[in-house]
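**Q** As input, take entry_7.tsv (TSV, C-alpha atoms):
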```tsv
chain	number	residue	atom	x	y	z
A	1	MET	CA	23.87	-259.33	50.78
A	2	LEU	CA	20.78	-260.23	48.78
A	3	LEU	CA	19.44	-263.29	47.01
A	4	ILE	CA	16.92	-261.89	44.53
A	5	GLY	CA	14.02	-263.13	42.43
A	6	LEU	CA	13.71	-262.64	38.66
A	7	ALA	CA	10.45	-262.16	36.79
A	8	GLY	CA	10.54	-264.67	33.95
A	9	LEU	CA	12.33	-267.15	31.74
A	10	GLU	CA	15.12	-264.79	30.65
A	11	VAL	CA	17.15	-262.02	32.26
A	12	SER	CA	15.56	-258.67	31.37
A	13	GLY	CA	17.40	-255.37	30.87
A	14	ASN	CA	16.71	-253.95	34.33
A	15	GLU	CA	17.56	-257.32	35.89
A	16	CYS	CA	21.01	-257.16	34.27
A	17	ALA	CA	21.69	-254.06	36.36
A	18	TRP	CA	20.50	-255.84	39.49
A	19	LEU	CA	22.82	-258.79	38.89
A	20	ARG	CA	25.80	-256.45	38.58
A	21	SER	CA	25.05	-254.73	41.88
A	22	PRO	CA	27.63	-255.45	44.60
A	23	ALA	CA	24.71	-255.90	47.02
A	24	VAL	CA	23.46	-258.95	45.09
A	25	ALA	CA	25.00	-262.33	45.91
A	26	GLY	CA	22.79	-264.34	43.62
A	27	VAL	CA	19.34	-265.39	42.46
A	28	ILE	CA	16.56	-267.58	43.79
A	29	LEU	CA	14.50	-269.22	41.04
A	30	PHE	CA	10.83	-270.24	41.04
A	31	SER	CA	8.40	-272.09	38.77
A	32	ARG	CA	7.89	-268.82	36.89
A	33	ASN	CA	11.53	-269.05	35.79
A	34	PHE	CA	11.27	-272.61	34.45
A	35	ALA	CA	9.97	-274.00	31.17
A	36	SER	CA	12.37	-276.86	30.42
A	37	ARG	CA	15.78	-278.20	31.40
A	38	MET	CA	17.35	-276.64	28.32
A	39	GLN	CA	15.80	-273.24	29.08
A	40	LEU	CA	16.92	-273.51	32.71
A	41	ARG	CA	20.49	-274.24	31.66
A	42	GLN	CA	20.43	-271.23	29.32
A	43	LEU	CA	19.06	-269.06	32.13
A	44	THR	CA	21.73	-270.08	34.64
A	45	GLU	CA	24.47	-269.46	32.08
A	46	SER	CA	22.96	-266.07	31.25
A	47	ILE	CA	22.79	-265.06	34.92
A	48	ARG	CA	26.49	-265.76	35.38
A	49	SER	CA	27.43	-264.23	32.05
A	50	VAL	CA	25.75	-260.98	33.10
A	51	GLY	CA	26.60	-260.86	36.79
A	52	GLY	CA	29.72	-262.95	37.16
A	53	GLU	CA	30.69	-266.51	38.00
A	54	HIS	CA	30.53	-265.75	41.73
A	55	LEU	CA	26.74	-265.43	41.71
A	56	LEU	CA	24.80	-268.10	43.60
A	57	ILE	CA	21.79	-269.68	41.93
A	58	ALA	CA	19.30	-271.24	44.34
A	59	VAL	CA	15.83	-272.77	44.33
A	60	ASP	CA	13.40	-274.56	46.66
A	61	GLN	CA	13.46	-278.14	45.38
A	62	GLU	CA	12.35	-279.93	48.55
A	63	GLY	CA	9.99	-282.48	46.99
A	64	GLY	CA	6.24	-282.94	47.35
A	65	VAL	CA	4.33	-279.66	47.12
A	66	VAL	CA	7.54	-277.60	47.00
A	67	GLN	CA	9.35	-278.66	43.84
A	68	ARG	CA	9.84	-275.71	41.50
A	69	PHE	CA	11.28	-277.65	38.56
A	70	ARG	CA	9.19	-280.63	37.47
A	71	ASP	CA	9.15	-281.31	33.72
A	72	GLY	CA	12.22	-283.44	32.98
A	73	PHE	CA	13.18	-283.73	36.65
A	74	THR	CA	12.57	-286.72	38.90
A	75	PRO	CA	9.31	-286.31	40.90
A	76	LEU	CA	10.56	-286.06	44.48
A	77	PRO	CA	8.30	-287.51	47.19
A	78	ALA	CA	7.33	-285.29	50.12
A	79	LEU	CA	9.71	-285.69	53.05
A	80	SER	CA	6.79	-286.80	55.23
A	81	LYS	CA	6.65	-290.07	53.28
A	82	ILE	CA	10.18	-290.84	54.40
A	83	GLY	CA	9.18	-290.05	57.97
A	84	THR	CA	6.17	-292.36	57.75
A	85	LEU	CA	8.41	-295.15	56.47
A	86	TYR	CA	10.77	-294.57	59.39
A	87	ASP	CA	8.11	-295.76	61.84
A	88	SER	CA	8.15	-299.25	60.29
A	89	ASP	CA	11.62	-299.42	58.67
A	90	PRO	CA	14.09	-296.89	60.11
A	91	GLU	CA	17.16	-298.14	58.25
A	92	ASN	CA	15.43	-298.00	54.89
A	93	ALA	CA	14.04	-294.53	55.62
A	94	VAL	CA	17.48	-293.16	56.48
A	95	ALA	CA	18.87	-294.60	53.24
A	96	LEU	CA	16.01	-293.05	51.25
A	97	ALA	CA	16.58	-289.65	52.82
A	98	GLU	CA	20.17	-289.73	51.57
A	99	GLU	CA	19.13	-291.03	48.14
A	100	HIS	CA	16.36	-288.41	47.78
A	101	ALA	CA	18.92	-285.70	48.52
A	102	TRP	CA	21.50	-287.12	46.11
A	103	VAL	CA	19.01	-287.29	43.22
A	104	MET	CA	17.76	-283.77	43.92
A	105	ALA	CA	21.26	-282.32	44.22
A	106	THR	CA	22.80	-284.00	41.19
A	107	GLU	CA	19.91	-283.04	38.91
A	108	LEU	CA	20.13	-279.41	39.96
A	109	ARG	CA	23.91	-279.35	39.67
A	110	ALA	CA	23.64	-280.80	36.16
A	111	SER	CA	21.38	-277.85	35.32
A	112	GLY	CA	23.71	-275.14	36.62
A	113	VAL	CA	21.89	-274.56	39.92
A	114	ASP	CA	24.12	-274.36	43.00
A	115	LEU	CA	21.77	-274.84	45.85
A	116	SER	CA	18.38	-276.04	46.99
A	117	LEU	CA	17.27	-274.32	50.19
A	118	ALA	CA	16.84	-277.67	51.91
A	119	PRO	CA	16.20	-279.71	53.97
A	120	VAL	CA	13.28	-278.74	56.18
A	121	ALA	CA	14.25	-279.46	59.79
A	122	ASP	CA	10.93	-278.31	61.26
A	123	LEU	CA	8.82	-280.79	63.19
A	124	ALA	CA	5.63	-282.16	61.62
A	125	ARG	CA	3.30	-280.77	64.26
A	126	GLY	CA	0.49	-279.25	62.21
A	127	ASN	CA	1.87	-275.94	60.96
A	128	ALA	CA	-0.19	-274.65	58.04
A	129	ALA	CA	2.87	-273.90	55.89
A	130	ILE	CA	4.96	-276.97	56.73
A	131	ARG	CA	2.60	-279.97	56.67
A	132	SER	CA	4.11	-282.73	54.44
A	133	ARG	CA	7.34	-280.75	53.97
A	134	ALA	CA	8.59	-282.01	57.37
A	135	PHE	CA	9.97	-285.48	58.01
A	136	HIS	CA	8.46	-286.32	61.40
A	137	ALA	CA	6.98	-284.99	64.64
A	138	ASP	CA	9.71	-286.52	66.80
A	139	PRO	CA	12.84	-284.32	67.09
A	140	GLU	CA	15.23	-287.28	67.34
A	141	VAL	CA	13.80	-288.96	64.24
A	142	THR	CA	13.79	-285.63	62.41
A	143	ALA	CA	17.43	-285.02	63.31
A	144	GLU	CA	18.46	-288.46	62.05
A	145	LEU	CA	16.68	-288.00	58.72
A	146	VAL	CA	17.87	-284.41	58.30
A	147	SER	CA	21.45	-285.52	58.94
A	148	ALA	CA	21.13	-288.24	56.29
A	149	TYR	CA	19.67	-285.71	53.88
A	150	VAL	CA	22.56	-283.32	54.43
A	151	CYS	CA	24.97	-286.19	53.77
A	152	GLY	CA	23.19	-286.98	50.50
A	153	MET	CA	23.35	-283.36	49.39
A	154	HIS	CA	27.06	-283.25	50.13
A	155	LEU	CA	27.62	-286.46	48.14
A	156	GLY	CA	25.73	-284.80	45.27
A	157	GLY	CA	28.05	-281.79	45.31
A	158	MET	CA	25.66	-279.39	47.05
A	159	ALA	CA	25.71	-277.37	50.26
A	160	SER	CA	22.73	-277.62	52.61
A	161	VAL	CA	20.42	-275.12	54.34
A	162	LEU	CA	18.44	-276.24	57.39
A	163	LYS	CA	15.14	-274.40	57.78
A	164	HIS	CA	13.35	-272.72	59.52
A	165	PHE	CA	15.41	-272.03	62.66
A	166	PRO	CA	14.64	-272.40	65.55
A	167	GLY	CA	11.65	-274.43	64.38
A	168	HIS	CA	8.46	-273.46	62.57
A	169	GLY	CA	6.51	-276.68	62.99
A	170	SER	CA	4.87	-275.98	66.35
A	171	ALA	CA	3.49	-272.53	65.49
A	172	SER	CA	0.10	-272.86	63.81
A	173	ALA	CA	0.03	-269.86	61.42
A	174	ASP	CA	1.35	-269.79	57.86
A	175	THR	CA	3.89	-266.95	57.80
A	176	HIS	CA	3.28	-266.41	54.08
A	177	THR	CA	-0.12	-264.97	54.92
A	178	ALA	CA	-0.14	-264.06	58.63
A	179	ALA	CA	2.01	-263.28	61.63
A	180	ALA	CA	3.01	-266.34	63.65
A	181	PHE	CA	3.53	-266.56	67.41
A	182	ASP	CA	4.94	-269.22	69.71
A	183	PRO	CA	4.65	-268.45	73.47
A	184	ARG	CA	6.61	-271.47	74.74
A	185	THR	CA	9.64	-271.14	76.98
A	186	LEU	CA	13.18	-271.53	75.69
A	187	GLU	CA	13.54	-274.76	77.67
A	188	THR	CA	10.48	-276.28	75.97
A	189	ILE	CA	11.68	-275.20	72.53
A	190	ARG	CA	15.20	-276.44	73.31
A	191	THR	CA	13.99	-279.98	73.99
A	192	THR	CA	11.64	-280.13	70.99
A	193	ASP	CA	11.94	-278.04	67.80
A	194	LEU	CA	15.43	-276.73	68.53
A	195	ARG	CA	16.67	-280.24	69.29
A	196	ALA	CA	16.19	-281.30	65.66
A	197	PHE	CA	18.49	-278.48	64.55
A	198	SER	CA	21.17	-278.80	67.22
A	199	VAL	CA	21.65	-282.55	66.66
A	200	SER	CA	21.67	-282.06	62.88
A	201	PHE	CA	24.53	-279.57	63.15
A	202	ASP	CA	26.84	-282.57	63.60
A	203	ALA	CA	26.27	-283.28	59.88
A	204	ARG	CA	27.94	-279.90	59.13
A	205	PRO	CA	25.22	-278.03	57.19
A	206	GLU	CA	26.59	-274.89	55.60
A	207	ALA	CA	23.65	-272.61	56.43
A	208	VAL	CA	20.36	-272.18	58.25
A	209	MET	CA	17.29	-270.21	57.22
A	210	MET	CA	15.47	-268.27	59.92
A	211	ALA	CA	11.77	-268.49	60.77
A	212	TYR	CA	9.46	-265.49	60.76
A	213	VAL	CA	7.92	-266.75	64.00
A	214	SER	CA	7.86	-264.56	67.12
A	215	TYR	CA	8.88	-266.63	70.15
A	216	SER	CA	7.57	-264.11	72.67
A	217	ALA	CA	9.13	-265.65	75.79
A	218	ILE	CA	12.58	-265.14	74.25
A	219	ASP	CA	12.20	-262.10	71.96
A	220	PRO	CA	9.02	-260.42	70.65
A	221	GLN	CA	10.64	-259.91	67.24
A	222	PRO	CA	10.42	-262.67	64.61
A	223	ALA	CA	13.52	-264.86	64.86
A	224	GLY	CA	14.98	-263.58	61.57
A	225	TYR	CA	15.18	-260.08	63.06
A	226	SER	CA	16.48	-261.24	66.44
A	227	GLN	CA	20.08	-260.89	67.62
A	228	ILE	CA	19.09	-263.06	70.57
A	229	TRP	CA	18.23	-265.99	68.31
A	230	ILE	CA	21.00	-265.48	65.75
A	231	GLU	CA	23.97	-264.21	67.75
A	232	GLU	CA	23.30	-265.38	71.30
A	233	ILE	CA	21.61	-268.74	70.74
A	234	LEU	CA	22.47	-270.00	67.25
A	235	ARG	CA	26.05	-268.78	67.05
A	236	GLY	CA	26.78	-268.45	70.78
A	237	LYS	CA	25.14	-271.30	72.69
A	238	LEU	CA	24.90	-273.75	69.79
A	239	GLY	CA	28.26	-272.80	68.23
A	240	PHE	CA	26.96	-272.69	64.65
A	241	SER	CA	29.60	-271.06	62.45
A	242	GLY	CA	27.84	-271.32	59.09
A	243	LEU	CA	25.80	-268.79	57.15
A	244	VAL	CA	22.46	-267.38	58.25
A	245	ILE	CA	19.76	-266.69	55.66
A	246	SER	CA	16.49	-264.83	56.12
A	247	ASP	CA	13.21	-266.06	54.74
A	248	ASP	CA	11.53	-263.94	52.04
A	249	ILE	CA	11.05	-260.33	53.11
A	250	SER	CA	7.76	-260.13	51.17
A	251	MET	CA	6.02	-262.65	53.43
A	252	ALA	CA	3.21	-261.30	55.57
A	253	ALA	CA	4.97	-262.18	58.83
A	254	ALA	CA	8.02	-260.14	57.75
A	255	ASP	CA	6.13	-256.88	57.34
A	256	ALA	CA	4.90	-255.51	60.68
A	257	GLY	CA	4.32	-252.16	58.95
A	258	SER	CA	7.94	-251.69	57.91
A	259	THR	CA	9.37	-250.72	54.52
A	260	VAL	CA	11.42	-253.04	52.34
A	261	ALA	CA	14.57	-251.11	53.20
A	262	GLN	CA	13.85	-251.36	56.92
A	263	ARG	CA	13.35	-255.13	56.67
A	264	VAL	CA	16.65	-255.59	54.85
A	265	ILE	CA	18.54	-253.45	57.36
A	266	ARG	CA	16.95	-255.19	60.34
A	267	HIS	CA	17.95	-258.61	59.02
A	268	CYS	CA	21.53	-257.53	58.46
A	269	ALA	CA	21.73	-255.89	61.88
A	270	ALA	CA	20.46	-259.08	63.52
A	271	GLY	CA	23.22	-261.13	61.88
A	272	CYS	CA	21.80	-262.51	58.64
A	273	ASP	CA	24.42	-263.05	55.93
A	274	LEU	CA	21.90	-263.34	53.11
A	275	VAL	CA	18.48	-261.71	52.78
A	276	LEU	CA	15.88	-263.29	50.47
A	277	VAL	CA	14.10	-260.84	48.17
A	278	CYS	CA	11.92	-263.17	46.14
A	279	CYS	CA	9.46	-260.65	44.67
A	280	PRO	CA	10.98	-258.75	41.70
A	281	SER	CA	8.82	-255.69	42.40
A	282	VAL	CA	10.78	-254.90	45.60
A	283	VAL	CA	14.31	-255.79	44.45
A	284	GLU	CA	15.34	-252.23	43.53
A	285	GLU	CA	14.32	-250.90	46.94
A	286	ALA	CA	16.18	-253.72	48.65
A	287	ILE	CA	19.36	-253.05	46.65
A	288	ALA	CA	19.16	-249.35	47.47
A	289	ALA	CA	19.06	-250.20	51.18
A	290	LEU	CA	22.49	-251.82	51.20
A	291	PRO	CA	25.94	-250.28	50.84
A	292	SER	CA	28.48	-251.93	48.56
A	293	ALA	CA	29.27	-255.44	49.76
A	294	SER	CA	32.80	-256.22	50.83
A	295	ALA	CA	34.99	-258.82	49.14
A	296	ALA	CA	35.17	-260.64	52.46
A	297	GLY	CA	31.40	-261.04	52.47
A	298	THR	CA	31.41	-262.44	48.96
A	299	ASP	CA	34.19	-264.86	49.84
A	300	ARG	CA	32.25	-266.12	52.87
A	301	LEU	CA	29.32	-267.05	50.63
A	302	ALA	CA	31.50	-269.14	48.32
A	303	VAL	CA	30.84	-272.21	50.47
A	304	LEU	CA	27.32	-272.27	49.03
A	305	ARG	CA	28.51	-272.59	45.43
A	306	GLY	CA	28.04	-276.08	44.06
A	307	ASN	CA	30.92	-278.42	43.32
A	308	VAL	CA	31.89	-279.44	39.78
A	309	ALA	CA	28.94	-281.40	38.42
A	310	ALA	CA	28.28	-284.19	35.96
A	311	GLY	CA	26.19	-283.32	32.92
A	312	TRP	CA	22.68	-284.67	32.45
A	313	GLU	CA	23.84	-287.35	30.00
A	314	ASP	CA	26.31	-288.62	32.57
A	315	LEU	CA	23.52	-288.83	35.14
A	316	LEU	CA	21.38	-290.92	32.80
A	317	ASP	CA	24.24	-293.40	32.41
A	318	ASN	CA	24.74	-293.72	36.17
A	319	PRO	CA	23.31	-297.05	37.45
A	320	GLN	CA	23.25	-295.67	41.00
A	321	ARG	CA	20.87	-292.94	39.88
A	322	VAL	CA	18.61	-295.47	38.13
A	323	HIS	CA	18.37	-297.46	41.36
A	324	PHE	CA	17.72	-294.41	43.54
A	325	VAL	CA	15.07	-292.98	41.22
A	326	ALA	CA	13.24	-296.32	41.13
A	327	ARG	CA	13.17	-296.41	44.94
A	328	LEU	CA	11.84	-292.85	45.14
A	329	ARG	CA	9.06	-293.69	42.68
A	330	GLU	CA	8.11	-296.71	44.75
A	331	LEU	CA	8.06	-294.59	47.90
A	332	ASP	CA	5.88	-291.96	46.21
A	333	ALA	CA	3.46	-294.63	45.00
A	334	GLY	CA	3.21	-296.22	48.45
A	335	ILE	CA	4.76	-299.50	47.29
A	336	THR	CA	6.45	-301.58	49.99
A	337	LEU	CA	10.18	-301.20	49.47
```
Can you turn what I pasted into structure tokens?
**A**
Amino acid sequence: MLLIGLAGLEVSGNECAWLRSPAVAGVILFSRNFASRMQLRQLTESIRSVGGEHLLIAVDQEGGVVQRFRDGFTPLPALSKIGTLYDSDPENAVALAEEHAWVMATELRASGVDLSLAPVADLARGNAAIRSRAFHADPEVTAELVSAYVCGMHLGGMASVLKHFPGHGSASADTHTAAAFDPRTLETIRTTDLRAFSVSFDARPEAVMMAYVSYSAIDPQPAGYSQIWIEEILRGKLGFSGLVISDDISMAAADAGSTVAQRVIRHCAAGCDLVLVCCPSVVEEAIAALPSASAAGTDRLAVLRGNVAAGWEDLLDNPQRVHFVARLRELDAGITL
């Protein structure tokens, strides 16, 4: 099934037809879809009014450079700031990871958004696309902070999505603009990048997002197209039973000369439950590539729907939120906590 992008601040006529397609599981929103909290709430209600209450509504609200909704929302520090704090104050950093997640999740839930595609479980090892989005270079530290973040999301009524499996941080290229390759052996990856994911699975994340990196010693295909990575390693050796989500099929590393339809079909054949189609210009072709989704598939995705949420006014009256937001602002400003 597909998670699709919309063009603007309202649902257009042709987008109404997309939302009613049985191939579409939901929507992923971007800054282009946001003007204010009130407008966002109206948009989420409109999406479900048109397409049905079952539709997922997702966003990337990681913090730092990747925070799609800003005006009226708490500025979320980059995850790397929590990792830096860990080196001097591990206990405080773990607490802040959980608090960061709780604030992010509760604000989105109060706005009608089910899911942030978070947290990043990649290692901070110089990748051009990851940079400050990652907690730390050490896999054990990363796993501890990711696990705390997943806990905070769950406390905030939100499912979690670890990304980008099996680890994007050690490949240098930015997959948005170029193909990315990682020639290391499986054993080396297992003890580094993959370790952060496998340990974090104990926190029971509901989903993982795949990387568009080609780990040539294991499979020449990018991991999101690879049955070896998804079925044999992720689900087989690591025993992960949650959902598998592709990264955006419009990214440069996803292309390799293939059509939109071919990319969608390859992801599904490899074992992806959800395929991201973020660019509205290719949504119709992606929908045409899929047969009608089964009810069983829709039911399986229900775990990603957010829990019943407090309204924004209730959040403002919550003293726990006031305390957490103050701590995040201090972290962002570099004040000693």
**Q** Please identify all polymer residues within 10 Å of segment 121-123 of chain A, counting only C-alpha atoms, omitting same-chain residues fewer than 2 positions from it, and present them as a VMD selection string.
**A** chain A and resid 118 to 119 125 to 127 130 to 131 133 to 139 141 to 143 145 to 147 161 to 170 192 to 197 200 208 211
**Q** Work out how far apart atom CA of Gly72 of chain A and atom CA of Pro280 of chain A are and give it in Å to one decimal.
**A**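 Atom CA of Gly72 of chain A sits 26.2 Å away from atom CA of Pro280 of chain A.
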**Q** In Å, with one decimal, what is the gap from atom CA of Tyr225 of chain A to atom CA of Arg20 of chain A?
**A**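 Atom-to-atom, atom CA of Tyr225 of chain A to atom CA of Arg20 of chain A, that is 26.9 Å.
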**Q** Calculated over only C-alpha atoms, which of the candidates A:Leu117, A:Leu331, A:Leu55, A:Ala105 has the smallest distance to Phe73 of chain A?
**A** A:Ala105
**Q** Let me know the centre plus edge lengths, in Å and rounded to one decimal, of a box with edges along x, y and z that contains all listed atoms of segment 61-75 of chain A and is padded by 6 Å on every side, as JSON.
**A**
```
{"center_x": 8.9, "center_y": -281.2, "center_z": 40.8, "size_x": 21.1, "size_y": 23.0, "size_z": 27.6}
```
**Q** Calculate how many Å separate atom CA of Ile4 of chain A from atom CA of His154 of chain A, rounding to one decimal.
**A**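 Taking atom CA of Ile4 of chain A as the start and atom CA of His154 of chain A as the end point, the length is 24.3 Å.
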**Q** Mind listing as a PyMOL selection string all residues within 12 Å of (15.3, -261.4, 67.5), counting only C-alpha atoms?
**A** chain A and resi 165-166+210-234+246+266-272
**Q** What lies within 10 Å of Glu53 of chain A using only C-alpha atoms, ignoring chain neighbours under 6 positions off, as a PyMOL selection string?
**A** chain A and resi 26+45+47+305
**Q** Skip segment 282-289 of chain A itself and residues of its chain fewer than 5 positions away, then list as a PyMOL selection string all residues within 10 Å of it, counting only C-alpha atoms.
**A** chain A and resi 1-6+14-15+17-18+21-24+249-250+259-265+275-277
**Q** Show me the residues close to (9.6, -289.4, 44.1) - anything with an atom within 8 Å, counting all atoms listed in the file - and format the list as a list of chain:residue names.
**A** A:Gly63, A:Gly64, A:Thr74, A:Pro75, A:Leu76, A:Pro77, A:Ala78, A:His100, A:Val325, A:Arg327, A:Leu328, A:Arg329, A:Glu330, A:Leu331, A:Asp332
**Q** Store the residues picked out above, limited to C-alpha atoms, as a PDB file, in the coordinates of the input.
**A**
```
ATOM      1  CA  GLY A  63       9.990-282.480  46.990  1.00  0.00           C
ATOM      2  CA  GLY A  64       6.240-282.940  47.350  1.00  0.00           C
ATOM      3  CA  THR A  74      12.570-286.720  38.900  1.00  0.00           C
ATOM      4  CA  PRO A  75       9.310-286.310  40.900  1.00  0.00           C
ATOM      5  CA  LEU A  76      10.560-286.060  44.480  1.00  0.00           C
ATOM      6  CA  PRO A  77       8.300-287.510  47.190  1.00  0.00           C
ATOM      7  CA  ALA A  78       7.330-285.290  50.120  1.00  0.00           C
ATOM      8  CA  HIS A 100      16.360-288.410  47.780  1.00  0.00           C
ATOM      9  CA  VAL A 325      15.070-292.980  41.220  1.00  0.00           C
ATOM     10  CA  ARG A 327      13.170-296.410  44.940  1.00  0.00           C
ATOM     11  CA  LEU A 328      11.840-292.850  45.140  1.00  0.00           C
ATOM     12  CA  ARG A 329       9.060-293.690  42.680  1.00  0.00           C
ATOM     13  CA  GLU A 330       8.110-296.710  44.750  1.00  0.00           C
ATOM     14  CA  LEU A 331       8.060-294.590  47.900  1.00  0.00           C
ATOM     15  CA  ASP A 332       5.880-291.960  46.210  1.00  0.00           C
TER      16      ASP A 332
END
```
**Q** Using only C-alpha atoms, which of the listed residues (A:Thr185, A:Gln61, A:Ser132, A:Gln42) sits closest to Gly83 of chain A?
**A**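 Using only C-alpha atoms, the shortest distance to Gly83 of chain A belongs to A:Ser132.
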